[in-house]
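Chemist: What follows is protein.csv, made up of CSV, C-alpha atoms and all ligand atoms:
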```
chain,number,residue,atom,x,y,z
A,112,MET,CA,55.8,1.5,38.4
A,113,ASN,CA,52.3,2.7,39.4
A,114,PRO,CA,49.4,1.5,37.3
A,115,GLN,CA,47.4,4.0,35.2
A,116,ALA,CA,44.5,5.5,37.0
A,117,LEU,CA,41.2,3.9,36.3
A,118,SER,CA,38.3,5.5,34.5
A,119,PRO,CA,35.2,6.0,36.6
A,120,ARG,CA,33.6,2.9,35.0
A,121,LEU,CA,36.6,0.6,35.7
A,122,GLN,CA,37.0,2.1,39.1
A,123,LYS,CA,33.4,1.3,40.0
A,124,LEU,CA,33.9,-2.3,38.7
A,125,TYR,CA,37.1,-2.7,40.7
A,126,ASP,CA,35.4,-1.3,43.8
A,127,LEU,CA,32.8,-4.1,43.5
A,128,CYS,CA,35.5,-6.7,43.7
A,129,GLN,CA,35.8,-8.6,47.0
A,130,PRO,CA,39.2,-8.0,48.7
A,131,LYS,CA,41.4,-11.0,49.5
A,132,GLN,CA,39.9,-13.0,46.6
A,133,PRO,CA,41.5,-13.6,43.1
A,134,VAL,CA,40.5,-11.3,40.3
A,135,TRP,CA,39.8,-12.6,36.8
A,136,ASP,CA,40.0,-9.7,34.3
A,137,LEU,CA,38.4,-11.6,31.4
A,138,CYS,CA,38.4,-10.0,27.9
A,139,CYS,CA,40.8,-7.5,29.5
A,140,ASP,CA,42.3,-5.8,26.4
A,141,HIS,CA,44.8,-3.3,28.0
A,142,GLY,CA,44.3,-5.0,31.4
A,143,LEU,CA,43.9,-1.8,33.3
A,144,LEU,CA,41.5,-3.1,35.9
A,145,GLY,CA,43.7,-6.2,36.4
A,146,LEU,CA,46.8,-4.1,36.7
A,147,TRP,CA,45.1,-1.9,39.3
A,148,ALA,CA,44.1,-5.0,41.3
A,149,LEU,CA,47.5,-6.5,41.0
A,150,HIS,CA,49.3,-3.4,42.3
A,151,SER,CA,46.8,-2.9,45.1
A,152,GLU,CA,48.3,-6.0,46.8
A,153,THR,CA,44.9,-7.0,48.2
A,154,HIS,CA,44.3,-10.0,45.9
A,155,PRO,CA,46.2,-13.3,46.1
A,156,CYS,CA,46.3,-13.5,42.3
A,157,VAL,CA,45.1,-11.7,39.2
A,158,VAL,CA,44.4,-13.4,35.9
A,159,PHE,CA,44.5,-11.5,32.6
A,160,ASN,CA,42.7,-13.0,29.7
A,161,ASP,CA,42.0,-11.9,26.1
A,162,ALA,CA,41.4,-13.7,22.9
A,163,VAL,CA,43.8,-11.5,21.0
A,164,ALA,CA,47.5,-12.2,21.6
A,165,HIS,CA,48.9,-8.8,20.6
A,166,VAL,CA,46.7,-6.9,23.1
A,167,LEU,CA,48.4,-9.0,25.9
A,168,GLU,CA,51.9,-8.2,24.6
A,169,GLY,CA,53.8,-5.9,27.0
A,170,LEU,CA,51.4,-6.6,29.8
A,171,GLN,CA,54.0,-8.7,31.7
A,172,GLN,CA,56.4,-5.8,31.8
A,173,LYS,CA,53.9,-3.9,33.8
A,174,PHE,CA,53.6,-6.5,36.5
A,175,GLY,CA,57.0,-5.5,38.1
A,176,ALA,CA,57.6,-7.2,41.5
A,177,HIS,CA,54.0,-8.4,41.5
A,178,ALA,CA,54.6,-10.8,38.6
A,179,PRO,CA,54.5,-14.0,40.8
A,180,ARG,CA,50.8,-13.2,41.6
A,181,ALA,CA,49.8,-12.6,38.0
A,182,LYS,CA,48.9,-14.9,35.2
A,183,VAL,CA,48.1,-14.3,31.5
A,184,ILE,CA,45.8,-16.6,29.6
A,185,CYS,CA,45.5,-15.9,25.9
A,186,GLY,CA,42.4,-17.4,24.1
A,187,PRO,CA,38.7,-17.2,24.2
A,188,ALA,CA,37.4,-16.8,27.8
A,189,GLU,CA,35.0,-19.6,27.1
A,190,ASP,CA,37.9,-22.0,26.7
A,191,ILE,CA,39.7,-21.4,30.0
A,192,VAL,CA,40.2,-24.7,31.8
A,193,GLU,CA,41.4,-23.3,35.1
A,194,PRO,CA,38.5,-22.9,37.6
A,195,LEU,CA,37.2,-19.4,37.7
A,196,ASP,CA,37.2,-18.4,41.3
A,197,GLY,CA,37.0,-15.2,43.4
A,198,ASN,CA,36.0,-12.1,41.4
A,199,VAL,CA,35.3,-12.6,37.7
A,200,VAL,CA,35.0,-9.3,35.8
A,201,LEU,CA,33.5,-9.2,32.4
A,202,ALA,CA,33.2,-5.7,30.8
A,203,GLY,CA,33.3,-3.9,27.5
A,204,ILE,CA,31.9,-6.8,25.5
A,205,GLY,CA,28.3,-7.5,24.5
A,206,GLY,CA,25.8,-9.0,26.9
A,207,GLU,CA,25.3,-12.0,24.7
A,208,LYS,CA,29.0,-12.9,24.9
A,209,ILE,CA,29.0,-12.4,28.7
A,210,VAL,CA,26.1,-14.9,29.0
A,211,ARG,CA,27.8,-17.4,26.7
A,212,ILE,CA,31.0,-17.2,28.7
A,213,LEU,CA,29.3,-17.6,32.0
A,214,GLN,CA,26.9,-20.3,30.8
A,215,THR,CA,29.8,-22.3,29.2
A,216,HIS,CA,31.7,-22.3,32.5
A,217,ALA,CA,28.6,-23.0,34.6
A,218,ALA,CA,27.7,-26.0,32.4
A,219,ARG,CA,31.3,-27.4,32.8
A,220,ALA,CA,31.1,-26.9,36.6
A,221,ASN,CA,34.0,-24.5,36.2
A,222,LEU,CA,32.4,-21.4,37.6
A,223,HIS,CA,33.4,-21.1,41.2
A,224,ALA,CA,33.3,-17.3,41.5
A,225,THR,CA,32.3,-15.7,44.7
A,226,ARG,CA,31.2,-12.7,42.7
A,227,VAL,CA,30.8,-12.0,39.0
A,228,ILE,CA,30.8,-8.3,37.9
A,229,ALA,CA,29.4,-7.9,34.4
A,230,CYS,CA,29.2,-4.6,32.6
A,231,PRO,CA,28.2,-5.1,28.9
A,232,GLU,CA,28.6,-2.5,26.2
A,233,LYS,CA,25.2,-3.6,24.8
A,234,ASP,CA,22.3,-6.0,25.4
A,235,ALA,CA,22.5,-5.5,29.2
A,236,GLU,CA,18.8,-5.9,29.8
A,237,TRP,CA,18.7,-9.1,27.8
A,238,MET,CA,21.8,-10.4,29.6
A,239,MET,CA,20.2,-9.8,33.0
A,240,ALA,CA,17.1,-11.8,32.0
A,241,GLN,CA,19.2,-14.9,31.2
A,242,PRO,CA,19.7,-17.6,33.9
A,243,ILE,CA,23.2,-18.5,34.9
A,244,ALA,CA,23.1,-21.9,36.7
A,245,GLY,CA,23.9,-21.6,40.4
A,246,TYR,CA,24.0,-17.8,40.4
A,247,ALA,CA,21.6,-14.9,41.0
A,248,ILE,CA,21.9,-11.2,40.4
A,249,ARG,CA,22.4,-9.6,43.8
A,250,ASP,CA,22.7,-6.0,42.6
A,251,ARG,CA,22.0,-4.0,39.5
A,252,LEU,CA,23.6,-0.6,39.1
A,253,THR,CA,24.0,2.0,36.4
A,254,ILE,CA,26.9,4.3,35.8
A,255,PRO,CA,27.0,7.3,33.5
A,256,HIS,CA,28.9,6.5,30.3
A,257,GLY,CA,29.3,9.0,27.5
A,258,THR,CA,26.0,10.5,26.9
A,259,GLY,CA,24.1,7.5,28.3
A,260,HIS,CA,24.7,4.9,31.0
A,261,ARG,CA,25.9,1.3,31.4
A,262,TRP,CA,24.5,-1.4,33.5
A,263,ILE,CA,26.5,-3.3,36.0
A,264,ALA,CA,25.1,-6.7,37.2
A,265,VAL,CA,26.6,-8.3,40.3
A,266,TYR,CA,26.1,-12.0,40.4
A,267,GLU,CA,26.7,-14.2,43.5
A,268,PRO,CA,26.3,-17.9,44.0
A,269,LEU,CA,22.9,-19.1,45.1
A,270,ARG,CA,23.0,-20.0,48.8
A,271,GLN,CA,22.7,-23.7,49.4
A,272,ALA,CA,19.8,-24.7,51.7
A,273,PRO,CA,21.2,-25.9,55.0
A,274,LYS,CA,21.3,-29.7,55.2
A,275,ASN,CA,18.5,-31.0,57.4
A,276,ASP,CA,19.9,-34.0,59.3
A,277,SER,CA,16.6,-34.8,61.0
A,278,PRO,CA,14.6,-37.7,59.4
B,301,LIG,C1,36.5,-3.2,24.4
B,301,LIG,S1,37.6,-4.3,25.1
B,301,LIG,C2,37.2,-4.3,26.8
B,301,LIG,C3,38.4,-4.1,27.7
B,301,LIG,C4,38.1,-4.0,29.2
B,301,LIG,N1,37.4,-5.2,29.7
B,301,LIG,C5,37.2,-2.8,29.5
B,301,LIG,O1,36.0,-3.0,29.8
B,301,LIG,O2,37.7,-1.7,29.3
B,301,LIG,C6,37.0,-5.9,24.6
B,301,LIG,C7,38.1,-7.0,24.6
B,301,LIG,O3,37.4,-8.3,24.6
B,301,LIG,C8,38.2,-9.2,23.9
B,301,LIG,N2,37.4,-10.3,23.6
B,301,LIG,C9,36.3,-10.4,22.8
B,301,LIG,N3,35.8,-11.6,22.8
B,301,LIG,C10,36.5,-12.4,23.7
B,301,LIG,C11,36.5,-13.7,24.1
B,301,LIG,N4,35.5,-14.5,23.7
B,301,LIG,N5,37.4,-14.1,25.0
B,301,LIG,C12,38.4,-13.3,25.4
B,301,LIG,N6,38.5,-12.0,25.0
B,301,LIG,C13,37.6,-11.6,24.2
B,301,LIG,C14,38.7,-8.4,22.7
B,301,LIG,O4,39.9,-8.9,22.1
B,301,LIG,C15,39.0,-7.0,23.3
B,301,LIG,O5,40.3,-6.9,23.7
```
Represent the structure contained in this file as structure tokens.

Modeler:
Amino acid sequence: MNPQALSPRLQKLYDLCQPKQPVWDLCCDHGLLGLWALHSETHPCVVFNDAVAHVLEGLQQKFGAHAPRAKVICGPAEDIVEPLDGNVVLAGIGGEKIVRILQTHAARANLHATRVIACPEKDAEWMMAQPIAGYAIRDRLTIPHGTGHRWIAVYEPLRQAPKNDSP
């Protein structure tokens, strides 16, 4: 079964994901972005997370033959214990919550994403002013949304300074 086509907003977020890396669709609701990523066969695994159990019901039936590369985690994104790696997508929730989720994982040394793609429904400018330990915003984009626009912030890990072996 082919996944439902993405809206321009979700398509843009998916296009920012790095290929060959896992995709974490946090606060996924219907999981459309994650399903698209899963069916694209370009990611080694796709994780679907939402705090509300019933929104995740029925998701597994849409995995089809790709089920071995999919994982569903029900509960607050802040409480995920597995290391967040590859692409972490956070969209459709407020900027304050996005910052809380990212700061919680960064403080627990659990944020190992190669890229974080954040598209809040509100408080975007506040969000982009908050520090996320070990990460910097590499790109800020806007996309038309309804009668206005939404911000997308792309975070990547800070580059470590090369070790200087000389005395
Ligand atoms: C508007 S939907 C966004 C769906 C999708 N990410 C998108 O952008 O279209 C917001 C979802 O976030 C979930 N959510 C809110 N707070 C959460 C949290 N702390 N952890 C996990 N999911 C959360 C809600 O249950 C809801 O399904």

Chemist: Point out the residue among A:Ala264, A:Val192, A:Ala148, A:Ala162 with the least atom-to-atom distance to ligand LIG 301 (chain B), counting all atoms listed in the file.

Modeler: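 Ranked by minimum distance to ligand LIG 301 (chain B), first place goes to A:Ala162.
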
Chemist: Quote the spacing between CA of His154 (chain A) and CA of Ala116 (chain A) in Å to one decimal place.

Modeler: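 One can read the CA of His154 (chain A) to CA of Ala116 (chain A) distance as 17.9 Å.
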
Chemist: Residues at most 8 Å from region 134-139 of chain A, counting all atoms listed in the file, excluding those fewer than 2 positions away in the same chain, as a ChimeraX atom specification?

Modeler: /A:128,132,141-145,148,154,156-162,188,195-204

Chemist: Considering only C-alpha atoms and all ligand atoms, state which residue in the set A:Lys173, A:Cys230, A:Val210, A:His216 is at the smallest distance from ligand LIG 301 (chain B).

Modeler: A:Cys230

Chemist: What does the distance from CA of Ser151 (chain A) to CA of Lys182 (chain A) come to in Å, to one decimal?

Modeler: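 Interatomic distance, CA of Ser151 (chain A) to CA of Lys182 (chain A): 15.7 Å.
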
Chemist: Nearest residue to Pro242 (chain A) out of A:Thr258, A:Lys131, A:Ile184, A:Tyr266, using only C-alpha atoms?

Modeler: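 Once distances to Pro242 (chain A) are computed over only C-alpha atoms, the minimum belongs to A:Tyr266.
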
Chemist: Ranking A:Pro231, A:Gly175, A:Ala218, A:Pro155 by minimum distance to ligand LIG 301 (chain B) and counting only C-alpha atoms and all ligand atoms, which one comes first?

Modeler: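 Of all the options, A:Pro231 lies closest to ligand LIG 301 (chain B).
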
Chemist: Could you check the closest approach to ligand LIG 301 (chain B) for each of A:Gln171, A:Ala164, A:Leu269, A:Pro187 and tell me which residue wins, using all atoms listed in the file?

Modeler: A:Pro187

Chemist: Pick from A:His223, A:Ala176, A:Ile228, A:Pro114: nearest to ligand LIG 301 (chain B), with all atoms listed in the file counted?

Modeler: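 Residue with the minimum atom-to-atom distance to ligand LIG 301 (chain B): A:Ile228.
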
Chemist: Please identify all polymer residues within 10 Å of Glu267 (chain A), counting only C-alpha atoms, omitting same-chain residues fewer than 3 positions from it, and present them as number ranges by chain.

Modeler: A: 198, 223-228, 245-250, 264, 270

Chemist: One decimal, in Å: what's the spacing between CA of Glu193 (chain A) and CA of Gln214 (chain A)?

Modeler: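 Separation of CA of Glu193 (chain A) and CA of Gln214 (chain A): 15.4 Å.
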
Chemist: Find the spatial neighbours of Met238 (chain A), counting all atoms listed in the file, within a cut-off of 7 Å - ignore same-chain residues fewer than 4 positions away - and output them as an mmCIF file with C-alpha atoms, keeping the file's coordinate frame.

Modeler:
```
data_model
loop_
_atom_site.group_PDB
_atom_site.id
_atom_site.type_symbol
_atom_site.label_atom_id
_atom_site.label_comp_id
_atom_site.auth_asym_id
_atom_site.auth_seq_id
_atom_site.Cartn_x
_atom_site.Cartn_y
_atom_site.Cartn_z
ATOM 1 C CA GLY A 206 25.800 -9.000 26.900
ATOM 2 C CA GLU A 207 25.300 -12.000 24.700
ATOM 3 C CA VAL A 210 26.100 -14.900 29.000
ATOM 4 C CA ASP A 234 22.300 -6.000 25.400
#
```

Chemist: Could you give me region 114-141 of chain A completed to N, CA and C atoms, formatted as a short mmCIF file (atom, residue, chain, number, x, y, z; two decimals), keeping the file's coordinate frame?

Modeler:
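The resulting result35.cif:
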```
data_model
loop_
_atom_site.label_atom_id
_atom_site.label_comp_id
_atom_site.auth_asym_id
_atom_site.auth_seq_id
_atom_site.Cartn_x
_atom_site.Cartn_y
_atom_site.Cartn_z
N PRO A 114 50.29 1.72 38.40
CA PRO A 114 49.40 1.50 37.30
C PRO A 114 48.66 2.78 36.88
N GLN A 115 48.19 2.80 35.64
CA GLN A 115 47.40 4.00 35.20
C GLN A 115 46.13 4.08 35.96
N ALA A 116 45.76 5.33 36.29
CA ALA A 116 44.50 5.50 37.00
C ALA A 116 43.32 4.99 36.24
N LEU A 117 42.35 4.48 36.96
CA LEU A 117 41.20 3.90 36.30
C LEU A 117 40.16 4.95 35.91
N SER A 118 39.45 4.68 34.83
CA SER A 118 38.30 5.50 34.50
C SER A 118 37.22 5.30 35.53
N PRO A 119 36.24 6.21 35.65
CA PRO A 119 35.20 6.00 36.60
C PRO A 119 34.48 4.64 36.45
N ARG A 120 34.30 4.20 35.21
CA ARG A 120 33.60 2.90 35.00
C ARG A 120 34.48 1.75 35.53
N LEU A 121 35.77 1.72 35.17
CA LEU A 121 36.60 0.60 35.70
C LEU A 121 36.82 0.71 37.17
N GLN A 122 36.89 1.95 37.69
CA GLN A 122 37.00 2.10 39.10
C GLN A 122 35.84 1.51 39.87
N LYS A 123 34.64 1.79 39.33
CA LYS A 123 33.40 1.30 40.00
C LYS A 123 33.44 -0.27 39.92
N LEU A 124 33.86 -0.83 38.78
CA LEU A 124 33.90 -2.30 38.70
C LEU A 124 34.93 -2.86 39.66
N TYR A 125 36.08 -2.19 39.76
CA TYR A 125 37.10 -2.70 40.70
C TYR A 125 36.57 -2.56 42.15
N ASP A 126 35.89 -1.47 42.46
CA ASP A 126 35.40 -1.30 43.80
C ASP A 126 34.38 -2.38 44.21
N LEU A 127 33.76 -3.00 43.22
CA LEU A 127 32.80 -4.10 43.50
C LEU A 127 33.51 -5.42 43.74
N CYS A 128 34.81 -5.48 43.46
CA CYS A 128 35.50 -6.70 43.70
C CYS A 128 35.74 -6.97 45.17
N GLN A 129 35.64 -8.23 45.55
CA GLN A 129 35.80 -8.60 47.00
C GLN A 129 37.34 -8.63 47.26
N PRO A 130 37.79 -7.95 48.32
CA PRO A 130 39.20 -8.00 48.70
C PRO A 130 39.59 -9.45 49.10
N LYS A 131 40.86 -9.74 49.05
CA LYS A 131 41.40 -11.00 49.50
C LYS A 131 40.96 -12.20 48.62
N GLN A 132 40.33 -11.91 47.50
CA GLN A 132 39.90 -13.00 46.60
C GLN A 132 40.65 -12.72 45.24
N PRO A 133 40.87 -13.78 44.47
CA PRO A 133 41.50 -13.60 43.10
C PRO A 133 40.62 -12.64 42.28
N VAL A 134 41.25 -12.07 41.29
CA VAL A 134 40.50 -11.30 40.30
C VAL A 134 40.81 -11.84 38.91
N TRP A 135 39.73 -12.16 38.19
CA TRP A 135 39.80 -12.60 36.80
C TRP A 135 39.38 -11.46 35.92
N ASP A 136 40.31 -10.85 35.22
CA ASP A 136 40.00 -9.70 34.30
C ASP A 136 39.82 -10.39 32.92
N LEU A 137 38.60 -10.90 32.64
CA LEU A 137 38.40 -11.60 31.40
C LEU A 137 38.10 -10.55 30.27
N CYS A 138 38.54 -10.88 29.07
CA CYS A 138 38.40 -10.00 27.90
C CYS A 138 39.01 -8.61 28.30
N CYS A 139 40.24 -8.68 28.84
CA CYS A 139 40.80 -7.50 29.50
C CYS A 139 41.38 -6.45 28.63
N ASP A 140 41.67 -6.77 27.36
CA ASP A 140 42.30 -5.80 26.40
C ASP A 140 43.56 -5.23 27.10
N HIS A 141 43.59 -3.94 27.41
CA HIS A 141 44.80 -3.30 28.00
C HIS A 141 45.04 -3.79 29.43
#
```
